[in-house]
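S.K.: Next up, upload_33.txt (compact mmCIF, C-alpha atoms).
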```txt
# COMPACT_ATOMS: atom_id res chain seq x y z
CA MET A 1 56.34 130.60 123.23
CA ASP A 2 59.43 131.06 121.16
CA LEU A 3 59.00 128.25 118.64
CA PHE A 4 62.34 128.92 117.00
CA LYS A 5 64.20 128.60 120.26
CA SER A 6 62.57 125.29 121.02
CA PHE A 7 64.30 123.76 118.00
CA ARG A 8 67.72 125.18 118.71
CA ARG A 9 70.32 123.04 120.37
CA THR A 10 73.54 123.81 122.09
CA PRO A 11 76.50 123.70 119.69
CA ALA A 12 78.26 120.37 119.94
CA MET A 13 81.98 119.87 120.48
CA HIS A 14 83.50 116.80 118.85
CA ALA A 15 86.99 116.21 120.24
CA ILE A 16 89.43 113.95 118.42
CA GLU A 17 92.80 112.64 119.57
CA ALA A 18 94.85 111.71 116.56
CA GLN A 19 95.99 108.13 116.78
CA ALA A 20 99.42 106.61 116.71
CA PRO A 21 101.73 105.06 115.76
CA VAL A 22 102.35 106.15 112.24
CA PHE A 23 104.97 103.59 111.46
CA SER A 24 102.93 100.70 112.71
CA LYS A 25 104.55 97.41 113.30
CA ILE A 26 103.78 94.70 110.84
CA ALA A 27 101.92 91.89 112.50
CA ALA A 28 100.54 88.47 111.74
CA ASN A 29 103.74 86.96 110.38
CA GLY A 30 104.46 90.08 108.37
CA ARG A 31 101.63 89.31 105.96
CA LEU A 32 99.27 92.04 107.01
CA ARG A 33 99.52 95.80 107.42
CA GLN A 34 97.08 98.37 108.70
CA GLY A 35 95.44 100.05 105.74
CA MET A 36 95.96 97.02 103.51
CA TRP A 37 93.28 95.87 101.08
CA VAL A 38 92.31 92.38 102.12
CA LEU A 39 89.92 89.57 101.36
CA VAL A 40 87.99 87.79 104.08
CA ASP A 41 85.31 85.26 103.15
CA ASN A 42 85.61 86.46 99.55
CA GLN A 43 84.65 89.97 100.55
CA VAL A 44 86.97 92.91 100.05
CA GLY A 45 87.83 95.30 102.83
CA ILE A 46 90.54 97.32 104.53
CA LEU A 47 92.47 96.04 107.52
CA THR A 48 91.99 98.54 110.33
CA ALA A 49 93.48 96.74 113.35
CA LEU A 50 95.42 93.67 114.34
CA GLY A 51 95.20 92.30 117.84
CA SER A 52 97.85 90.37 119.71
CA ASP A 53 95.23 87.65 120.12
CA GLY A 54 95.33 86.92 116.40
CA ARG A 55 92.14 88.74 115.58
CA ALA A 56 91.87 91.23 112.77
CA GLU A 57 89.38 94.05 112.36
CA ILE A 58 88.34 94.73 108.80
CA MET A 59 86.10 97.36 107.30
CA LEU A 60 84.30 95.69 104.41
CA VAL A 61 83.63 98.07 101.57
CA GLU A 62 81.00 98.62 98.91
CA LYS A 63 81.80 98.50 95.20
CA ASP A 64 82.33 102.27 95.25
CA GLY A 65 84.93 102.01 98.00
CA THR A 66 82.78 103.39 100.80
CA ASN A 67 82.28 101.63 104.11
CA LYS A 68 79.86 98.73 104.38
CA ILE A 69 80.37 97.10 107.78
CA ALA A 70 83.19 96.40 110.23
CA VAL A 71 83.88 92.74 110.97
CA ILE A 72 86.25 90.75 113.17
CA ALA A 73 88.06 87.72 111.77
CA GLN A 74 90.97 85.51 112.63
CA ALA A 75 94.08 86.96 111.02
CA ALA A 76 94.83 83.57 109.51
CA GLN A 77 91.64 83.89 107.46
CA VAL A 78 92.61 87.30 106.10
CA HIS A 79 94.55 87.55 102.85
CA GLN A 80 95.91 90.40 100.79
CA ALA A 81 93.48 91.35 98.05
CA LYS A 82 94.29 91.09 94.37
CA HIS A 83 94.62 94.23 92.29
CA GLU A 84 91.24 93.66 90.67
CA ASP A 85 89.54 93.29 94.05
CA ILE A 86 90.23 96.89 95.00
CA PRO A 87 87.22 99.06 94.11
CA ARG A 88 87.81 100.81 90.82
CA SER A 89 87.54 104.31 92.28
CA ARG A 90 90.35 103.55 94.75
CA ARG A 91 92.42 101.17 92.64
CA PRO A 92 96.08 102.15 92.09
CA THR A 93 97.94 101.43 88.88
CA LYS A 94 99.09 97.85 88.39
CA GLU A 95 102.69 98.92 88.91
CA ALA A 96 101.96 100.79 92.13
CA ALA A 97 99.82 97.93 93.39
CA LEU A 98 102.44 95.31 92.62
CA ALA A 99 105.02 97.27 94.59
CA LYS A 100 102.85 96.66 97.66
CA GLY A 101 102.17 93.04 96.82
CA TYR A 102 98.78 93.36 95.12
CA ARG A 103 99.12 90.86 92.33
CA SER A 104 96.74 90.55 89.42
CA ARG A 105 94.55 87.51 89.04
CA GLY A 106 95.90 87.03 85.54
CA PRO A 107 94.20 85.19 82.68
CA HIS A 108 91.97 82.28 83.58
CA MET B 1 90.35 103.96 114.09
CA ALA B 2 94.02 103.69 113.26
CA LEU B 3 95.90 106.30 111.38
CA VAL B 4 97.24 105.16 108.01
CA VAL B 5 100.37 106.57 106.40
CA CYS B 6 99.77 106.08 102.72
CA ASN B 7 102.43 104.79 100.35
CA ASN B 8 103.35 108.29 99.27
CA GLY B 9 103.67 109.38 102.90
CA GLU B 10 106.11 106.58 103.58
CA SER B 11 108.15 107.53 100.56
CA VAL B 12 108.24 111.21 101.49
CA ALA B 13 109.27 110.44 105.09
CA LEU B 14 112.15 108.27 103.95
CA GLN B 15 113.32 110.80 101.39
CA TYR B 16 113.29 113.54 104.02
CA LEU B 17 115.34 111.28 106.29
CA VAL B 18 118.17 110.88 103.83
CA ASN B 19 117.93 114.42 102.47
CA LYS B 20 116.82 113.29 99.03
CA ILE B 21 113.93 115.75 99.19
CA THR B 22 115.61 118.94 100.30
CA THR B 23 112.54 121.16 100.34
CA THR B 24 110.32 120.30 103.26
CA ARG B 25 106.70 121.37 103.35
CA ASP B 26 104.18 122.31 105.99
CA LEU B 27 101.29 119.90 106.38
CA ILE B 28 97.68 120.80 105.71
CA TYR B 29 95.05 119.08 107.85
CA ARG B 30 91.77 118.62 106.03
CA LEU B 31 88.45 117.04 107.01
CA PHE B 32 86.90 114.53 104.65
CA ALA B 33 83.20 114.11 104.09
CA THR B 34 82.81 110.68 102.52
CA ASN B 35 82.26 107.50 104.47
CA ILE B 36 85.51 105.75 103.65
CA THR B 37 88.23 103.98 105.59
CA PRO B 38 91.77 105.11 104.75
CA ALA B 39 93.83 102.60 102.80
CA GLU B 40 97.55 102.50 102.10
CA THR B 41 97.02 102.94 98.36
CA ASP B 42 94.98 106.13 98.71
CA THR B 43 95.90 109.41 97.09
CA ALA B 44 94.67 112.91 97.84
CA GLY B 45 92.06 112.43 95.12
CA THR B 46 90.49 109.60 97.10
CA TYR B 47 89.09 112.08 99.59
CA THR B 48 86.25 114.55 99.28
CA GLU B 49 87.05 117.53 101.43
CA ALA B 50 84.38 119.14 103.56
CA ALA B 51 82.93 122.32 102.13
CA GLY B 52 80.71 125.13 103.34
CA GLY B 53 79.51 125.78 106.86
CA GLY B 54 82.53 127.95 107.60
CA TYR B 55 84.96 125.10 106.99
CA ALA B 56 88.57 125.76 105.97
CA SER B 57 91.60 123.51 106.02
CA LYS B 58 94.42 124.21 108.47
CA THR B 59 98.07 124.63 107.59
CA LEU B 60 100.38 123.61 110.42
CA ALA B 61 103.71 125.43 110.50
CA GLY B 62 106.59 123.01 110.81
CA ALA B 63 108.38 125.03 113.47
CA SER B 64 105.43 124.78 115.85
CA TRP B 65 105.51 121.00 116.28
CA SER B 66 106.91 119.71 119.59
CA VAL B 67 109.00 116.55 119.76
CA SER B 68 108.89 114.47 122.94
CA GLY B 69 109.89 111.12 124.36
CA THR B 70 112.12 108.30 123.29
CA ALA B 71 110.98 104.85 122.23
CA PRO B 72 108.41 105.82 121.26
CA THR B 73 109.09 109.32 120.06
CA SER B 74 106.15 111.55 119.37
CA ILE B 75 105.58 114.85 117.70
CA ASP B 76 102.61 116.97 118.64
CA PHE B 77 100.89 120.13 117.58
CA ALA B 78 98.51 122.39 119.46
CA GLN B 79 94.88 121.38 119.33
CA GLN B 80 93.12 122.54 116.20
CA THR B 81 89.51 123.65 116.27
CA TRP B 82 87.17 123.76 113.33
CA THR B 83 84.19 125.83 114.37
CA PHE B 84 81.30 125.64 111.95
CA THR B 85 78.77 128.29 111.16
CA GLY B 86 76.19 125.72 110.12
CA ALA B 87 75.75 122.63 107.99
CA LEU B 88 78.25 121.62 105.31
CA THR B 89 77.09 122.20 101.78
CA THR B 90 78.10 119.10 99.86
CA ASN B 91 78.23 116.02 102.00
CA PRO B 92 76.85 116.87 105.44
CA THR B 93 78.94 114.56 107.62
CA VAL B 94 82.63 114.54 108.49
CA PHE B 95 84.17 111.06 108.73
CA GLY B 96 87.83 111.82 109.40
CA TYR B 97 90.82 113.87 108.39
CA TYR B 98 93.57 113.60 105.83
CA VAL B 99 96.87 115.37 105.55
CA THR B 100 98.54 116.73 102.45
CA ARG B 101 101.69 118.76 101.88
CA VAL B 102 101.63 122.42 100.96
CA THR B 103 102.41 123.04 97.28
CA ASP B 104 102.84 119.38 96.36
CA ALA B 105 99.29 118.64 97.59
CA ASP B 106 100.13 114.95 97.86
CA LEU B 107 98.61 112.69 100.49
CA ILE B 108 100.69 111.84 103.55
CA LEU B 109 98.32 110.22 106.01
CA ALA B 110 94.66 109.87 106.92
CA GLU B 111 92.53 108.72 109.79
CA ALA B 112 88.84 108.06 110.20
CA PHE B 113 87.10 109.04 113.41
CA THR B 114 83.61 108.84 114.82
CA SER B 115 81.50 110.72 112.33
CA PHE B 116 80.16 114.15 113.13
CA THR B 117 77.55 116.23 111.37
CA PRO B 118 77.83 119.98 111.97
CA ALA B 119 74.42 121.53 112.06
CA VAL B 120 74.34 124.80 113.95
CA ASN B 121 76.59 127.80 114.38
CA GLY B 122 79.19 126.92 117.00
CA ASP B 123 79.41 123.17 116.34
CA ALA B 124 83.07 122.27 116.45
CA ILE B 125 85.60 119.55 115.82
CA LEU B 126 88.71 119.60 117.99
CA LEU B 127 91.72 117.68 116.76
CA THR B 128 95.10 117.35 118.43
CA PRO B 129 97.66 116.35 115.78
CA HIS B 130 99.94 113.66 117.14
CA ILE B 131 102.33 111.36 115.32
CA THR B 132 104.37 108.60 116.92
CA ALA B 133 107.26 106.53 115.61
CA ASP B 134 107.94 103.38 117.59
```
Can you give me the file's structure in the form of structure tokens?
M.R.:
Amino acid sequence: MDLFKSFRRTPAMHAIEAQAPVFSKIAANGRLRQGMWVLVDNQVGILTALGSDGRAEIMLVEKDGTNKIAVIAQAAQVHQAKHEDIPRSRRPTKEAALAKGYRSRGPH
Amino acid sequence: MALVVCNNGESVALQYLVNKITTTRDLIYRLFATNITPAETDTAGTYTEAAGGGYASKTLAGASWSVSGTAPTSIDFAQQTWTFTGALTTNPTVFGYYVTRVTDADLILAEAFTSFTPAVNGDAILLTPHITAD
């Protein structure tokens, strides 16, 4: 018996079709954009899809900016994150963030 | 998962449109090996590129893109194949691709896809670059 062969597997092919569109239409009253940092139930995530049925798909993220879990929420419950909400490793400068509407929480 | 044109990508596209940036660049397609979802505020430094296992990024010559259609209009490139010789050496799993410009090395767009872990010689990722403006 060829033990080595028994552990070999056929090379796998992983085919990807790049998605579109690039210049995605702004949805949900113009408040939300794909790729936007958002808050839903006080958890920070990235908006990945907006449905015509008013549902939003969000990837919640860990403190280091990596994926935690994908969730579905009503778009009305989704809000743009504040600058400080964005994980530090992926946080833009205050100026760059403000240009895209990420305001700071400011002094309490 | 949806493709995200980052803030810099939007800026570059608009500047090309009005001829403010007069030197265009080929795009480099790269695979990333961290479990992240692309965000609009990302930069090239956000991504950890795959390494080892025979991996190399792919530079796509501008002249070889094909434009088609109206409303929406798309631009496509021939399918790209990354064939691995074995496992990656840093992070083992590929989670998506990101695109930078030659020379400037700035981020234009990124997209996550179903993760894939190359393991044996001959494992491959096939990607057909496709961008649509609607």
S.K.: Which neighbours of A:Arg103 fall inside 10 Å, counting only C-alpha atoms, when residues of the same chain fewer than 6 positions from it are skipped, and could you give them as number ranges by chain?
M.R.: A: 80-84, 94-95, 97
S.K.: Give me, as CSV, the closest atom pair and its distance (Å, one decimal) for every residue of chain B within a cut-off of 7 Å of chain A, counting all atoms listed in the file, rows sorted by chain and rising number.
M.R.:
```
residue,atom,partner,partner_atom,distance
B:Met1,CA,A:Thr48,CA,6.8
B:Ala2,CA,A:Gln19,CA,6.0
B:Leu3,CA,A:Gln19,CA,5.7
B:Val4,CA,A:Gly35,CA,5.9
B:Val5,CA,A:Val22,CA,6.2
B:Asn35,CA,A:Thr66,CA,5.5
B:Ile36,CA,A:Thr66,CA,4.6
B:Thr37,CA,A:Asn67,CA,6.6
B:Pro38,CA,A:Gly35,CA,6.3
B:Ala39,CA,A:Gly35,CA,4.2
B:Glu40,CA,A:Gly35,CA,4.9
B:Thr41,CA,A:Pro92,CA,6.4
B:Asp42,CA,A:Arg90,CA,6.6
B:Thr46,CA,A:Arg90,CA,6.5
B:Val120,CA,A:Pro11,CA,6.2
B:Asn121,CA,A:Pro11,CA,6.7
B:Gly122,CA,A:Pro11,CA,5.0
B:Asp123,CA,A:Pro11,CA,4.5
B:Ala124,CA,A:Met13,CA,4.8
B:Ile125,CA,A:His14,CA,4.6
B:Leu126,CA,A:Ala15,CA,4.4
B:Leu127,CA,A:Ile16,CA,4.7
B:Thr128,CA,A:Glu17,CA,5.4
B:Pro129,CA,A:Ala18,CA,5.5
B:His130,CA,A:Ala18,CA,5.5
B:Ile131,CA,A:Ala20,CA,5.7
B:Thr132,CA,A:Pro21,CA,4.6
B:Ala133,CA,A:Phe23,CA,5.6
B:Asp134,CA,A:Pro21,CA,6.7
```
S.K.: Please, what distance in Å, to one decimal, runs between atom CA of B:Ala119 and atom CA of A:Ala70?
M.R.: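 Between these atoms lies a distance of 26.7 Å.
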S.K.: Quick one: 5 Å padding each side, axis-aligned, all listed atoms of stretch 6-14 of chain B - centre and edge lengths in Å to one decimal, as lines of an AutoDock Vina configuration file?
M.R.:
```
center_x = 106.0
center_y = 108.0
center_z = 102.2
size_x = 22.4
size_y = 16.4
size_z = 15.8
```
S.K.: One decimal, in Å: what's the spacing between atom CA of B:Val102 and atom CA of B:Thr59?
M.R.: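 Between atom CA of B:Val102 and atom CA of B:Thr59 the gap is 7.8 Å.
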S.K.: Just how far from atom CA of B:Asp106 is atom CA of B:Thr93, in Å to one decimal?
M.R.: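 About the pair atom CA of B:Thr93 and atom CA of B:Asp106: they are 23.3 Å apart.
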S.K.: Which residue, B:Ala44, B:Cys6, B:Ala13, B:Ala33, has the smallest gap to B:Phe113 when you use only C-alpha atoms?
M.R.: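 That would be B:Ala33, the residue with the smallest distance to B:Phe113.
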S.K.: Nearest to B:Arg101 among B:Ser115, B:Thr24, B:Thr83, B:Thr70, with distances taken over all atoms listed in the file: which residue is it?
M.R.: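 The closest residue to B:Arg101 is B:Thr24.
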